[in-house]
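Just query_32.txt here, compact mmCIF, C-alpha atoms:
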```txt
# COMPACT_ATOMS: atom_id res chain seq x y z
CA MET A 471 49.14 61.61 174.69
CA ALA A 472 50.58 59.56 171.84
CA ASN A 473 54.35 59.13 171.76
CA ARG A 474 54.76 58.96 168.00
CA ARG A 475 54.60 61.89 165.60
CA MET A 476 54.55 61.95 161.81
CA PHE A 477 55.37 64.56 159.16
CA ALA A 478 53.75 64.57 155.74
CA ARG A 479 56.12 64.61 152.77
CA SER A 480 53.77 67.04 151.02
CA ILE A 481 54.60 69.57 153.74
CA ILE A 482 58.28 69.00 154.54
CA GLN A 483 59.35 68.53 150.92
CA SER A 484 57.51 71.59 149.65
CA ASP A 485 59.52 74.53 148.31
CA ALA A 486 58.04 76.74 151.01
CA PHE A 487 59.51 74.45 153.68
CA THR A 488 62.88 73.63 152.13
CA ASP A 489 63.55 77.29 151.30
CA MET A 490 63.58 78.10 155.02
CA PRO A 491 66.88 78.04 156.96
CA LEU A 492 67.89 74.64 158.32
CA SER A 493 67.54 75.95 161.87
CA THR A 494 63.92 76.90 161.13
CA GLN A 495 63.21 73.50 159.64
CA ALA A 496 64.73 71.80 162.69
CA LEU A 497 62.59 73.91 165.00
CA TYR A 498 59.47 72.82 163.12
CA PHE A 499 60.32 69.16 163.69
CA HIS A 500 60.98 69.74 167.39
CA LEU A 501 57.74 71.67 167.81
CA GLY A 502 55.98 68.77 166.11
CA MET A 503 57.44 66.36 168.63
CA GLU A 504 56.41 68.60 171.55
CA ALA A 505 52.84 69.13 170.34
CA ASP A 506 49.83 67.56 172.02
CA ASP A 507 47.35 65.39 170.13
CA ASP A 508 45.65 68.42 168.57
CA GLY A 509 48.93 70.04 167.49
CA PHE A 510 49.24 72.66 170.26
CA VAL A 511 52.58 73.58 171.86
CA ASN A 512 52.60 75.58 175.10
CA ASN A 513 56.37 76.07 175.30
CA PRO A 514 57.58 77.19 171.85
CA LYS A 515 60.19 79.53 173.35
CA ARG A 516 61.69 76.82 175.53
CA THR A 517 61.77 74.44 172.58
CA GLN A 518 63.46 77.11 170.49
CA ARG A 519 66.12 77.73 173.11
CA SER A 520 66.72 74.04 173.77
CA ILE A 521 67.93 73.45 170.20
CA GLY A 522 69.79 76.75 169.82
CA ALA A 523 67.29 78.24 167.36
CA SER A 524 66.59 81.98 167.30
CA ASN A 525 63.53 84.17 167.65
CA ASP A 526 63.76 84.69 163.90
CA ASP A 527 63.16 80.97 163.37
CA LEU A 528 59.86 81.17 165.22
CA THR A 529 58.94 84.32 163.31
CA ILE A 530 59.67 82.65 159.98
CA LEU A 531 57.53 79.62 160.85
CA ALA A 532 54.64 81.96 161.69
CA SER A 533 55.04 84.25 158.68
CA LYS A 534 55.37 81.29 156.30
CA GLY A 535 52.24 79.66 157.67
CA PHE A 536 53.66 76.59 159.41
CA ILE A 537 52.57 77.58 162.91
CA MET A 538 49.75 79.79 164.18
CA PRO A 539 50.56 81.71 167.40
CA PHE A 540 47.90 82.83 169.86
CA GLU A 541 47.68 85.67 172.35
CA SER A 542 48.23 83.20 175.20
CA GLY A 543 51.70 82.28 173.89
CA VAL A 544 50.51 78.87 172.71
CA VAL A 545 51.13 77.92 169.08
CA VAL A 546 49.46 75.30 166.92
CA ILE A 547 51.00 73.39 164.01
CA LYS A 548 48.87 74.54 161.08
CA HIS A 549 49.14 71.31 159.10
CA TRP A 550 48.89 69.03 162.14
CA ARG A 551 45.98 67.00 160.83
CA ILE A 552 47.77 66.51 157.52
CA ASN A 553 50.88 65.29 159.33
CA ASN A 554 49.19 63.12 161.93
CA TYR A 555 46.24 60.79 162.36
CA LEU A 556 45.47 59.31 165.77
CA ARG A 557 43.06 56.55 166.61
CA ASN A 558 40.32 57.53 169.02
CA ASP A 559 41.59 55.16 171.69
CA ARG A 560 44.99 56.91 171.66
CA TYR A 561 43.75 60.49 171.40
CA SER A 562 43.83 62.93 174.33
CA PRO A 563 42.06 66.26 173.73
CA THR A 564 44.14 69.41 174.05
CA LYS A 565 43.99 71.48 177.22
CA TYR A 566 43.80 74.60 175.05
CA GLN A 567 40.11 74.45 174.28
CA GLU A 568 39.72 78.24 174.01
CA GLU A 569 42.31 78.38 171.25
CA LEU A 570 40.90 75.26 169.58
CA ALA A 571 37.47 76.90 169.54
CA LEU A 572 38.89 79.66 167.33
CA LEU A 573 39.91 77.17 164.65
CA ALA A 574 38.17 75.39 161.82
CA VAL A 575 39.59 72.62 159.66
CA LYS A 576 39.83 73.10 155.91
CA ASP A 577 38.90 70.35 153.45
CA ASN A 578 42.61 69.55 153.04
CA GLY A 579 43.05 69.09 156.80
CA ALA A 580 44.85 72.35 157.58
CA TYR A 581 43.77 74.55 160.46
CA THR A 582 42.32 77.94 159.67
CA LEU A 583 40.73 80.64 161.81
CA LYS A 584 36.99 80.85 161.96
CA ASN A 585 35.70 84.09 160.46
CA ASN A 586 34.48 85.38 163.81
CA ALA A 587 37.84 84.65 165.43
CA ILE A 588 40.12 86.77 163.25
CA ASP A 589 39.54 89.97 165.20
CA LEU A 590 40.32 88.19 168.47
CA LEU A 591 43.96 87.71 167.55
CA VAL A 592 46.25 90.70 167.72
CA CYS A 593 49.73 91.26 166.45
CA GLN A 594 52.19 90.62 169.26
CA THR A 595 54.68 93.42 169.61
CA ASP A 596 56.65 92.57 172.72
CA THR A 597 60.22 91.39 172.85
CA ASP A 598 59.80 87.77 171.81
CA GLY A 599 59.44 88.76 168.14
CA ILE A 600 56.72 86.24 167.23
CA PRO A 601 53.91 87.89 165.25
CA LYS A 602 50.33 86.97 166.06
CA VAL A 603 48.98 86.18 162.62
CA SER A 604 45.48 85.28 161.63
CA GLU A 605 46.45 82.72 159.02
CA GLY A 606 50.11 82.28 159.76
CA TYR A 607 50.79 84.39 156.69
CA THR A 608 50.48 88.15 156.37
CA GLN A 609 46.95 89.00 157.57
CA TYR A 610 47.74 91.02 160.67
CA SER A 611 45.14 92.31 163.09
CA ILE A 612 46.55 95.26 165.00
CA GLY A 613 45.28 95.61 168.56
CA LYS A 614 45.79 97.96 171.47
CA ASP A 615 49.16 96.44 172.41
CA SER A 616 50.63 97.59 169.11
CA ILE A 617 49.94 101.30 169.62
CA GLY A 618 53.17 103.21 169.23
CA LYS A 619 54.83 100.36 167.34
CA ASP A 620 55.68 100.07 163.68
CA THR A 621 52.45 98.87 162.07
CA LEU A 622 54.13 98.55 158.69
CA SER A 623 55.84 95.36 159.77
CA GLY A 624 53.59 93.95 162.46
CA ARG A 625 56.61 93.68 164.76
CA PRO A 626 58.60 95.99 167.03
CA ASP A 627 60.04 99.01 165.24
CA ASP A 628 62.33 97.71 162.47
CA SER A 629 63.72 101.11 161.49
CA SER A 630 67.26 100.05 162.40
CA ASP A 631 67.02 97.13 159.95
CA ARG A 632 65.68 99.42 157.24
CA ASN A 633 68.48 101.91 157.86
CA GLU A 634 71.07 99.13 157.60
CA ILE A 635 69.60 97.75 154.38
CA VAL A 636 69.35 101.12 152.66
CA ALA A 637 72.85 102.13 153.81
CA TYR A 638 74.16 98.88 152.34
CA LEU A 639 72.36 99.55 149.05
CA ASN A 640 73.70 103.10 148.88
CA ALA A 641 77.25 101.93 149.56
CA ALA A 642 76.96 99.22 146.91
CA ILE A 643 75.72 101.42 144.06
CA GLY A 644 76.76 104.92 145.11
CA ALA A 645 73.22 106.20 145.62
CA SER A 646 71.53 108.22 148.34
CA TYR A 647 68.20 106.53 148.95
CA LYS A 648 66.53 107.20 152.29
CA ALA A 649 65.15 104.47 154.55
CA THR A 650 62.42 106.84 155.70
CA THR A 651 60.85 107.15 152.25
CA LYS A 652 57.35 105.69 152.58
CA LYS A 653 57.58 103.36 149.57
CA THR A 654 61.02 102.04 150.55
CA ALA A 655 59.91 101.46 154.14
CA GLN A 656 56.78 99.63 153.01
CA LEU A 657 58.68 97.36 150.62
CA ILE A 658 61.33 96.41 153.17
CA SER A 659 58.75 95.80 155.89
CA ALA A 660 56.62 93.71 153.53
CA ARG A 661 59.57 91.44 152.71
CA MET A 662 60.50 91.16 156.39
CA ARG A 663 56.92 90.15 157.22
CA GLU A 664 57.41 87.30 154.78
CA GLY A 665 60.35 86.09 156.84
CA PHE A 666 63.30 87.49 154.88
CA THR A 667 66.28 88.71 156.87
CA VAL A 668 68.74 91.60 156.59
CA ASP A 669 71.28 89.16 155.14
CA ASP A 670 68.77 88.19 152.45
CA PHE A 671 68.48 91.85 151.43
CA LYS A 672 72.26 92.14 151.29
CA ALA A 673 72.51 89.02 149.14
CA VAL A 674 70.03 90.48 146.64
CA ILE A 675 71.88 93.82 146.60
CA ASP A 676 75.21 92.05 146.04
CA LYS A 677 73.83 89.92 143.22
CA LYS A 678 71.92 92.53 141.25
CA SER A 679 74.48 95.31 141.70
CA SER A 680 77.08 92.91 140.31
CA ASP A 681 74.81 91.94 137.40
CA TRP A 682 73.55 95.38 136.45
CA LYS A 683 76.00 98.00 137.68
CA GLY A 684 78.03 98.14 134.46
CA ASP A 685 74.99 98.12 132.19
CA GLN A 686 73.56 101.60 131.68
CA LYS A 687 70.15 100.25 130.68
CA MET A 688 69.88 97.90 133.65
CA SER A 689 71.57 100.06 136.27
CA ARG A 690 68.47 102.26 136.43
CA TYR A 691 66.72 99.32 138.11
CA LEU A 692 69.12 99.39 141.05
CA ARG A 693 66.59 101.06 143.29
CA PRO A 694 64.43 99.86 146.18
CA GLU A 695 61.24 99.77 144.10
CA THR A 696 62.76 97.09 141.85
CA LEU A 697 65.09 95.20 144.18
CA PHE A 698 62.70 94.87 147.11
CA GLY A 699 59.47 94.43 145.15
CA THR A 700 57.62 91.34 143.95
CA LYS A 701 60.70 89.82 142.29
CA PHE A 702 62.72 89.88 145.52
CA GLU A 703 62.48 86.15 146.20
CA GLY A 704 63.52 85.33 142.63
CA TYR A 705 66.56 87.58 142.95
CA LEU A 706 67.42 85.90 146.24
CA GLN A 707 67.28 82.46 144.63
CA GLU A 708 69.70 83.70 141.97
CA SER A 709 72.07 84.92 144.66
CA LYS A 710 72.16 81.51 146.33
CA ALA A 711 73.95 80.04 143.33
CA VAL A 712 76.83 82.53 143.41
CA ARG A 713 77.07 85.44 145.84
CA PRO A 714 79.67 88.01 144.68
CA HIS A 715 82.27 89.27 147.09
CA ALA A 716 81.47 92.75 148.35
CA ASP A 717 83.71 95.52 149.66
CA TRP A 718 81.08 97.00 151.98
CA SER A 719 81.85 94.87 155.04
CA LYS A 720 81.26 97.74 157.45
CA TYR A 721 77.55 97.55 156.59
CA ARG A 722 77.24 93.81 157.30
```
In structure tokens, how does this file's structure come out?
Amino acid sequence: MANRRMFARSIIQSDAFTDMPLSTQALYFHLGMEADDDGFVNNPKRTQRSIGASNDDLTILASKGFIMPFESGVVVIKHWRINNYLRNDRYSPTKYQEELALLAVKDNGAYTLKNNAIDLLVCQTDTDGIPKVSEGYTQYSIGKDSIGKDTLSGRPDDSSDRNEIVAYLNAAIGASYKATTKKTAQLISARMREGFTVDDFKAVIDKKSSDWKGDQKMSRYLRPETLFGTKFEGYLQESKAVRPHADWSKYR
């Protein structure tokens, strides 16, 4: 196996990459260094623990499409062939031929699942928190292991997170929204599938409640359907510039 690894600037300087937490970015680099010559890593959890990263960091990499996890616990770096090029005399084929057989290579060099392989991957729902995703994005295939779990989020039941987020919103704006409302639950779970955290939700709530609370016309938009919808990431970017101080510390 080659000792040197490379990382394409087109990947690591993209907004999608730099918007991730620094711990997630660091984990990506370490996984890249651990990968075999086809981009497979058989010990992502050990790598994560060795650098002090969290399960959330692995989840974000999967949900943002930088790694593709398999049922076996192996992950592959999605853009491996964009990052790296190895001469034939230095290349050692991966041991994970079954997983490799599920993959095709796009014209741009990125791995993708073959059409007949998508149904073979299932959403992992055990305690390690890494979703099994068909494209590393949000196309989840729910299998038998996910029966009884929260299929809105493709992860173990996240009702406690939803309750915390909605309680924080209610405390911030004096409302009484319910986390169990179908639309609210779907919106929160959709954003969490994209890799956003409870703290991200709180940052958006802080920012927009500060911006709109005193404006009668705008205050009507202080509801889950607006805050947690398609503009969520834009609101979060606004909050990164200046996050107002909040008095609702008991909900943090």
Report as a ChimeraX atom specification all protein, DNA and RNA residues lying within 10 Å of Asp506 in chain A, evaluated on only C-alpha atoms, omitting residues in the same chain fewer than 2 positions from it. /A:471-473,475,501-504,508-512,546-547,561-566
Excluding range 672-679 of chain A and residues on its chain fewer than 5 positions from it, collect all residues at most 6 Å away from it, counting all atoms listed in the file, and give them as a PyMOL selection string. chain A and resi 705-706+709
Report the distance between CA of Arg479 in chain A and CA of Arg519 in chain A in Å, rounded to one decimal place. 26.2 Å
Can you tell me, as a ChimeraX atom specification, what residues are no more than 12 Å from Asp485 in chain A when counting all atoms listed in the file, ignoring any on the same chain fewer than 5 positions away? /A:479-480,490-491,495,534,707
re CA of Phe698 in chain A and CA of Leu657 in chain A: distance 5.9 Å
Which residues, written as a count of residues only, have at least one atom at most 10 Å from Ile521 in chain A, with only C-alpha atoms counted and residues fewer than 3 positions away on the same chain left out? 8
Report, in Å to a single decimal, how far apart CA of Thr494 in chain A and CA of Val668 in chain A are. 16.1 Å
List the residues sitting within 6 Å of (37.3, 79.0, 164.2) in the file's frame, using all atoms listed in the file, as a list of chain:residue names.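 Taken together, the residues in range are A:Ala571, A:Leu572, A:Leu573, A:Ala574, A:Leu583, A:Lys584, A:Ala587.
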For the residues in the current selection, export C-alpha atoms as an mmCIF file, in the coordinates of the input.
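Result file again_28.cif:
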```cif
data_model
loop_
_atom_site.group_PDB
_atom_site.id
_atom_site.type_symbol
_atom_site.label_atom_id
_atom_site.label_comp_id
_atom_site.auth_asym_id
_atom_site.auth_seq_id
_atom_site.Cartn_x
_atom_site.Cartn_y
_atom_site.Cartn_z
ATOM 1 C CA ALA A 571 37.470 76.900 169.540
ATOM 2 C CA LEU A 572 38.890 79.660 167.330
ATOM 3 C CA LEU A 573 39.910 77.170 164.650
ATOM 4 C CA ALA A 574 38.170 75.390 161.820
ATOM 5 C CA LEU A 583 40.730 80.640 161.810
ATOM 6 C CA LYS A 584 36.990 80.850 161.960
ATOM 7 C CA ALA A 587 37.840 84.650 165.430
#
```
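Distances here use only C-alpha atoms; by that measure, the residue among A:Ala641, A:Ile552, A:Ala655, A:Leu692 closest to Phe477 in chain A is A:Ile552.
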Any idea what's packed within 9 Å of Ile537 in chain A, counting only C-alpha atoms, ignoring anything in its chain fewer than 6 positions away? Could you give it as number ranges by chain? A: 498, 528, 531, 545-549, 605-606
Give as number ranges by chain the set of residues within 9 Å of the point (70.0, 107.1, 140.0), where distances use the file's coordinates and all atoms listed in the file. A: 644-646, 689-693
Using all atoms listed in the file, find the one residue out of A:Met688, A:Leu556, A:Ile530, A:Met476 that sits nearest to Met662 in chain A.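 Comparing A:Met688, A:Leu556, A:Ile530, A:Met476 against Met662 in chain A, the winner is A:Ile530.
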